[in-house]
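Asker: Can you read through this structure? Questions will come right after.
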Amino acid sequence: METVTITVKNAPALYLEADNISPDAFAGKTAAQIAELSVHEGNTTSTLGKYFDVSGNAGATAADTKIVVRGDVKKVKYLGFKMSAGELVIEGSADLYVGAWMTGGKILAKGDVAAFAATAMKGGELIIEGNAGNYLGAAYRGDWRGMSGGKILVKGNAGSDVGMFMTGGEMVINGNVDVHLCTHAEGGKVTVKGNATSKVGGQMVDGQIIIFGSIDTMMPGFKPAGEVELEIDGIKATFSHFIGDMGERHKKKKGVVIYANLYKKISSP
Amino acid sequence: MSEYIIKNGHVFDPVQGIKGDKKDIAIKDGKIVDKVGSGAKVIDAKDKTVMAGAVEIHAHIAGPKVNLGRIYRPEDKLFSCTATHGMERMGSGASIPTTFKTGYEYAKMGYTTAMEAAMPPLFSRHTHEEIRDTPIIDEGAFPVFGNNWFVLEYLKNHEIENAAAYIAWLLRVTKGYAIKVVNPGGTEAWAWGLNCLSVNDPVPYFDITPAEIVRGLIEANEYLGLPHSMHIHPNNLGNPGCYETTLDTMKLAEGFKAKNKFGREQVLHLTHTQFHSYKGTNWGDFESGAKEVTDYVNKAKNITIDTGNVTLDETTTMTADGPFEHHLTGLNHLKWANVDVELETAAGVVPYIYSPNISVCAIQWAIGLEIPLMMKDPMRCFITTDHPNAGPFTRYPRVFKWLMSEKARETQINAFKHKDKVLSQTSIGSLDREISLYELAQMTRAGPAKSLGLTALCGGLKPGMEADVAVYNFNPDKPVANPDDIEKAFSRCAAVFKSGVQVVSNGEIVSNGNKRTLWVDVKVKENAQVARDISEKFVKYYSMTQNNYEALGHNFVPNPYALEVDATQV
Ligand SMILES: [Zn+2]
């Protein structure tokens with residue numbers, strides 16, 4: 001695997017849309033060619049090389065290419081956009097749409113990421129060591145197809161509307177999440193090790209949510225379904241089980257009605 | 001104005017019976033002429049195909065429901081934006097493009113005239129604002145009449161003269177082109193939570209049947225002598241078994257003869273026939289009724305049809321058939337929008353994905369192709385996708401490929417997940433007909449122009465007609481090596497002229513042309529009762545005054561072209 005390191009040299013005055021910073025766009029290119037790839041600042045199109053020093057050549061394919069992003073990219077959007085393979089390491093914090101529409105490969109964000117990270121993600125792995133913004137793994141505006149595959153790990157907290165319209169894949173959030181977790185979800189699994197604010201699983205019809213901490217206010221559409229013992233990351237605990245959202249249309253599989261499952265931890269043995 | 005001569009192209013013009021002969025086409029002062037001077041600009045069309053500009057007879061490209069689709073589907077714009085370049089403004093939207101993109105895309109494919117198929121009269125101002133902002137192509141709009149309270153009341157008592165006077169008034173104030181009917185009576189019934197699924201289901205409160213509405217509107221249309229015929233989306237769209245309702249609807253035209261000075265011969269145009277040609281009793285035993293429907297149309301010379309081809313894309317359905325869209329959202333569970341338009345009509349919008357992996361979608365694809373392949377007279381069957389309902393109009397080149405190449409159809413059939421089902425439920429696999437370039441010119445130019453009463457204006461290359469000309473990078477003398485070459489050639493023209501102005505060169509827009517709005521100005525005898533009925537309805541029921549209703553002159557229709565009809569002597 002070849003490594004390309006890009007380091008901020010001129011910070012953009014406006015926000016930078018850098019949808020070419022991905023192993024797929026870099027693959028097969030030399031450092032000089034990578035510097036010629038386009039980026040957009042406001043309504044102006046210019047080159048990656050105007051804002052970043054580029055060192056190292058990419059591998060022949062996306063899978064053979066690792067990108068390391070250094071410097072302050074808090075105003076850079078679309079890092080890892082539509083990536084299908086390879087690796088991307090973001091050493092600082094990044095703006096919107098990190099790993100949006102990604103289908104494979106691995107992204108490690110060492111800082112925070114802003115909203116819409118992993119929008120409509122289909123595969124691959126996204127690890128966020130800091131906090132994630134709103135709409136993590138959600139659907140694009142107006143769309144009904146959120147995250148459908150792959151894995152996300154957030155070591156800090158995540159914002160609101162996480163997993164909106166999620167249909168598959170797995171997400172673990174070590175910290176807390178804000179309101180509207182998994183609204184409209186139709187699949188997938190989300191584990192929150194901390195607390196969740198209200199409106200958890202509204203209009204959710206399939207998939208599962210596991211909450212280790214508290215939920216401010218439960219949705220009235222979730223119905224108690226007893227207690228279960230679950231083993232998660234090697235730890236056994238008892239959880240209250242709820243099914244829902246009872247106000248919604250539900251699919252049937254082999255004659256059995258499918259509900260979303262919500263588990264909230266009540267004790268540790 | 002400039003003179004041009006398009007030299008040495010293979011010309012296909014059904015109006016003059018020219019079948020691929022090498023001919024020069026001369027253009028002067030916006031018209032096709034016999035000869036031009038030696039100073040005329042030469043366009044080299046050697047080894048290329050030359051046809052008149054194509055005519056779109058049915059698409060949803062302007063107005064409130066189109067815009068509702070744009071507003072509530074940001075995801076349709078997501079990866080379909082085009083940046084400003086050359087003459088072109090930025091555009092976006094895949095199944096519901098912006099007005100500018102709509103004009104550019106039609107022009108690049110060689111289309112120079114298009115009809116907006118359903119204008120709610122109350123929103124004619126909005127519709128015309130969008131038409132005004134759609135560059136290059138001439139456009140007309142069909143106001144919807146099939147669920148209009150005036151029409152229902154007049155026709156219930158068989159008052160044809162009053163219905164005709166109202167239609168003439170409405171065409172004038174809305175700058176409309178033709179009488180459109182969508183699910184006659186059914187959309188009004190929807191306001192009562194009901195529908196009309198057969199031609200004999202009574203409309204609640206009004207106590208009239210779809211059959212009476214359809215017959216009455218044909219009579220009113222021929223009483224007035226309008227350029228186009230009554231244009232119908234019949235009852236029971238999209239349901240297994242609906243072909244019987246379609247046959248019942250077409251039979252209502254029996255005995256009627258076209259009366260007009262525009263050369264039109266049909267009294268009923270059946271639109272998006274694919275959606276109305278389904279047999280079977282449910283989605284499990286769903287099968288094609290294309291044979292039954294085309295057998296009837298082949299014999300009924302007073303009917304024209306368009307196809308409504310499914311293009312296997314993600315798209316946005318939108319129709320004044322309000323109850324149908326509610327039914328559809330119940331099937332696919334995607335987002336639904338619905339609008340009621342006071343005394344006149346309603347509309348619904350639902351996204352739809354025609355997946356090649358779903359057998360029903362693949363069968364719909366096959367039915368859409370069976371219809372034109374089974375039609376004996378290409379002058380009475382026109383290619384549409386009922387844009388955006390069965391697919392975006394930008395897919396026409398792909399539809400042409402499937403029609404012109406049996407091999408291309410075979411490739412697609414083999415790619416279907418439920419290939420066997422497609423072959424058992426339709427006869428697409430046994431149809432070896434390949435539409436010729438001449439037939440294509442009939443189905444996309446001469447035919448629709450004649451059906452619309454525009455023969456004098458467009459659809460052909462006869463001297464005296466508008467110089468609407470499309471030149472394609474397609475050599476008819478060479479065998480087609482790869483069917484995809486057909487799609488490529490028809491996607492981007494080498495050159496396009498609109499009324500004598502070159503608007504496309506090498507697939508790029510080079511001028512915004514002189515876009516016109518086509519409308520029909522009918523003079524009728526003074527009718528005090530209808531005038532009184534109109535002012536009374538505005539006072540009693542409409543949310544706006546009569547003064548705010550009219551799509552007036554320069555703001556809404558800056559460059560009008562009125563087809564004049566005199567019905568005062570009837
Ligand atoms: Zn339509």
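Ordering of the structure tokens sets the chain letters (A, B, ...); residue numbers start at 1 within each chain; ligands are numbered from 1 in the order shown.
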Using backbone DSSP assignments, extract all alpha helix (DSSP H) residues from region 48-139 of chain A; output them as a ChimeraX atom specification.
Answerer: /A:48-51
Asker: Let me see if you get this right: every residue at most 8 Å from ligand 1, counting only C-alpha atoms and all ligand atoms, written as an NGL selection string.
Answerer: :B and (58-60 or 117-118 or 233 or 271-272 or 318-319 or 386-387 or 389)
Asker: Could you check which of B:Tyr223, B:Pro143, B:Pro351, B:Gly289 is closest to chain A, using only C-alpha atoms?
Answerer: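 That would be B:Pro351, the residue with the smallest distance to chain A.
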Asker: Residues of chain B within 6 Å of chain A: nearest atom pair and distance (Å, one decimal) for each, counting only C-alpha atoms, sorted by chain and number, as JSON lines?
Answerer:
```
{"residue": "B:Arg73", "atom": "CA", "partner": "A:Gly142", "partner_atom": "CA", "distance": 5.7}
{"residue": "B:Pro74", "atom": "CA", "partner": "A:Gly142", "partner_atom": "CA", "distance": 5.7}
{"residue": "B:Glu75", "atom": "CA", "partner": "A:Asp143", "partner_atom": "CA", "distance": 5.6}
```
Asker: For Leu563 (chain B), find every residue with an atom within 8 Å (counting only C-alpha atoms), except residues of its own chain fewer than 2 positions away, and show them as an NGL selection string.
Answerer: :B and (227 or 518-521 or 561 or 565)
Asker: So what do you get for CA of Ile160 (chain B) versus CA of Gly263 (chain B), distance-wise?
Answerer: 23.0 Å
Asker: Can you list, as a VMD selection string, every protein, DNA or RNA residue that comes within 7 Å of Gly159 (chain A) when you count only C-alpha atoms, leaving out same-chain residues fewer than 4 positions away?
Answerer: chain A and resid 132 to 134 177 to 178
Asker: One decimal, Å: what's the distance from CA of Ile67 (chain A) over to CA of Pro23 (chain A), could you say?
Answerer: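 One can read the CA of Ile67 (chain A) to CA of Pro23 (chain A) distance as 6.8 Å.
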Asker: Extract, using only C-alpha atoms, all DNA, RNA and protein residues at most 12 Å from Asn548 (chain B), discarding same-chain residues fewer than 5 positions from it, and format them as a VMD selection string.
Answerer: chain B and resid 122 to 125 173 to 174 538 542 to 543
Asker: Using only C-alpha atoms, which residue out of B:Gly500, B:Gly110, B:Pro184, B:Gly513 lies closest to Ile136 (chain B)?
Answerer: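 Of B:Gly500, B:Gly110, B:Pro184, B:Gly513, the one nearest Ile136 (chain B) is B:Gly513, counting only C-alpha atoms.
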Asker: Need to verify the contact set: Ile152 (chain A), 8 Å, only C-alpha atoms, exclusion of same-chain residues closer than 5 positions in sequence. Can you return it as a PyMOL selection string?
Answerer: chain A and resi 125-128+170-172
Asker: When you count only C-alpha atoms, which of these residues is closest to His184 (chain A): A:Ala35, A:Val4, A:Ala138, A:Ile210?
Answerer: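 Nearest candidate to His184 (chain A) out of A:Ala35, A:Val4, A:Ala138, A:Ile210: A:Ala138.
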Asker: Using DSSP assignments from the backbone, pull out every residue in region 245-487 of chain B that falls under strand (DSSP E) and give it to me as an NGL selection string.
Answerer: :B and (268-270 or 278-279 or 287-288 or 303-306 or 314-319 or 337-341 or 345-353 or 381-382 or 469-472)
Asker: Need to verify the contact set: Thr47 (chain A), 8 Å, only C-alpha atoms, exclusion of same-chain residues closer than 3 positions in sequence. Can you return it as a PyMOL selection string?
Answerer: chain A and resi 35-39+50-51
Asker: Write a file of the just-selected residues containing N, CA, C and O atoms, as a PDB file, in the first residue's frame.
Answerer:
```pdb
ATOM      1  N   ALA A  35      -2.095  16.826  -7.054  1.00  0.00           N
ATOM      2  CA  ALA A  35      -2.169  18.265  -6.771  1.00  0.00           C
ATOM      3  C   ALA A  35      -3.015  18.999  -7.804  1.00  0.00           C
ATOM      4  O   ALA A  35      -3.524  20.086  -7.548  1.00  0.00           O
ATOM      5  N   GLU A  36      -3.194  18.381  -8.978  1.00  0.00           N
ATOM      6  CA  GLU A  36      -3.994  19.011 -10.044  1.00  0.00           C
ATOM      7  C   GLU A  36      -5.482  18.697  -9.933  1.00  0.00           C
ATOM      8  O   GLU A  36      -6.297  19.238 -10.677  1.00  0.00           O
ATOM      9  N   LEU A  37      -5.872  17.794  -9.042  1.00  0.00           N
ATOM     10  CA  LEU A  37      -7.303  17.455  -8.908  1.00  0.00           C
ATOM     11  C   LEU A  37      -8.079  18.686  -8.457  1.00  0.00           C
ATOM     12  O   LEU A  37      -7.563  19.548  -7.757  1.00  0.00           O
ATOM     13  N   SER A  38      -9.372  18.738  -8.842  1.00  0.00           N
ATOM     14  CA  SER A  38     -10.134  19.954  -8.571  1.00  0.00           C
ATOM     15  C   SER A  38     -10.736  19.965  -7.168  1.00  0.00           C
ATOM     16  O   SER A  38     -11.053  18.923  -6.590  1.00  0.00           O
ATOM     17  N   VAL A  39     -10.847  21.185  -6.633  1.00  0.00           N
ATOM     18  CA  VAL A  39     -11.604  21.425  -5.396  1.00  0.00           C
ATOM     19  C   VAL A  39     -12.400  22.708  -5.628  1.00  0.00           C
ATOM     20  O   VAL A  39     -12.089  23.474  -6.530  1.00  0.00           O
ATOM     21  N   LYS A  50      -3.399  24.047  -4.510  1.00  0.00           N
ATOM     22  CA  LYS A  50      -3.447  25.430  -4.036  1.00  0.00           C
ATOM     23  C   LYS A  50      -3.553  25.471  -2.506  1.00  0.00           C
ATOM     24  O   LYS A  50      -3.102  26.404  -1.865  1.00  0.00           O
ATOM     25  N   TYR A  51      -4.162  24.449  -1.938  1.00  0.00           N
ATOM     26  CA  TYR A  51      -4.424  24.442  -0.494  1.00  0.00           C
ATOM     27  C   TYR A  51      -3.560  23.439   0.271  1.00  0.00           C
ATOM     28  O   TYR A  51      -3.394  23.555   1.473  1.00  0.00           O
TER      29      TYR A  51
END
```
Asker: Region 106-212 of chain A near region 234-246 of chain A within 7 Å: what's each residue's closest atom pair and its distance in Å to one decimal, counting only C-alpha atoms, ordered by chain then ascending residue number, as a tab-separated table?
Answerer:
```
residue	atom	partner	partner_atom	distance
A:Gly202	CA	A:Asp245	CA	6.4
A:Gln203	CA	A:Asp245	CA	5.4
A:Met204	CA	A:Asp245	CA	5.5
A:Val205	CA	A:Asp245	CA	5.9
```
Asker: Using only C-alpha atoms, can you tell me which of B:Glu129, B:Asp47, B:Asp485, B:Glu292 comes closest to His554 (chain B)?
Answerer: B:Glu129
Asker: Which residue is closest to Phe116 (chain A)? Choose from A:Ser160, A:Ser46, A:Ser84, A:Asn10 and count only C-alpha atoms.
Answerer: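 Of the candidates, the smallest distance to Phe116 (chain A) is held by A:Ser160.
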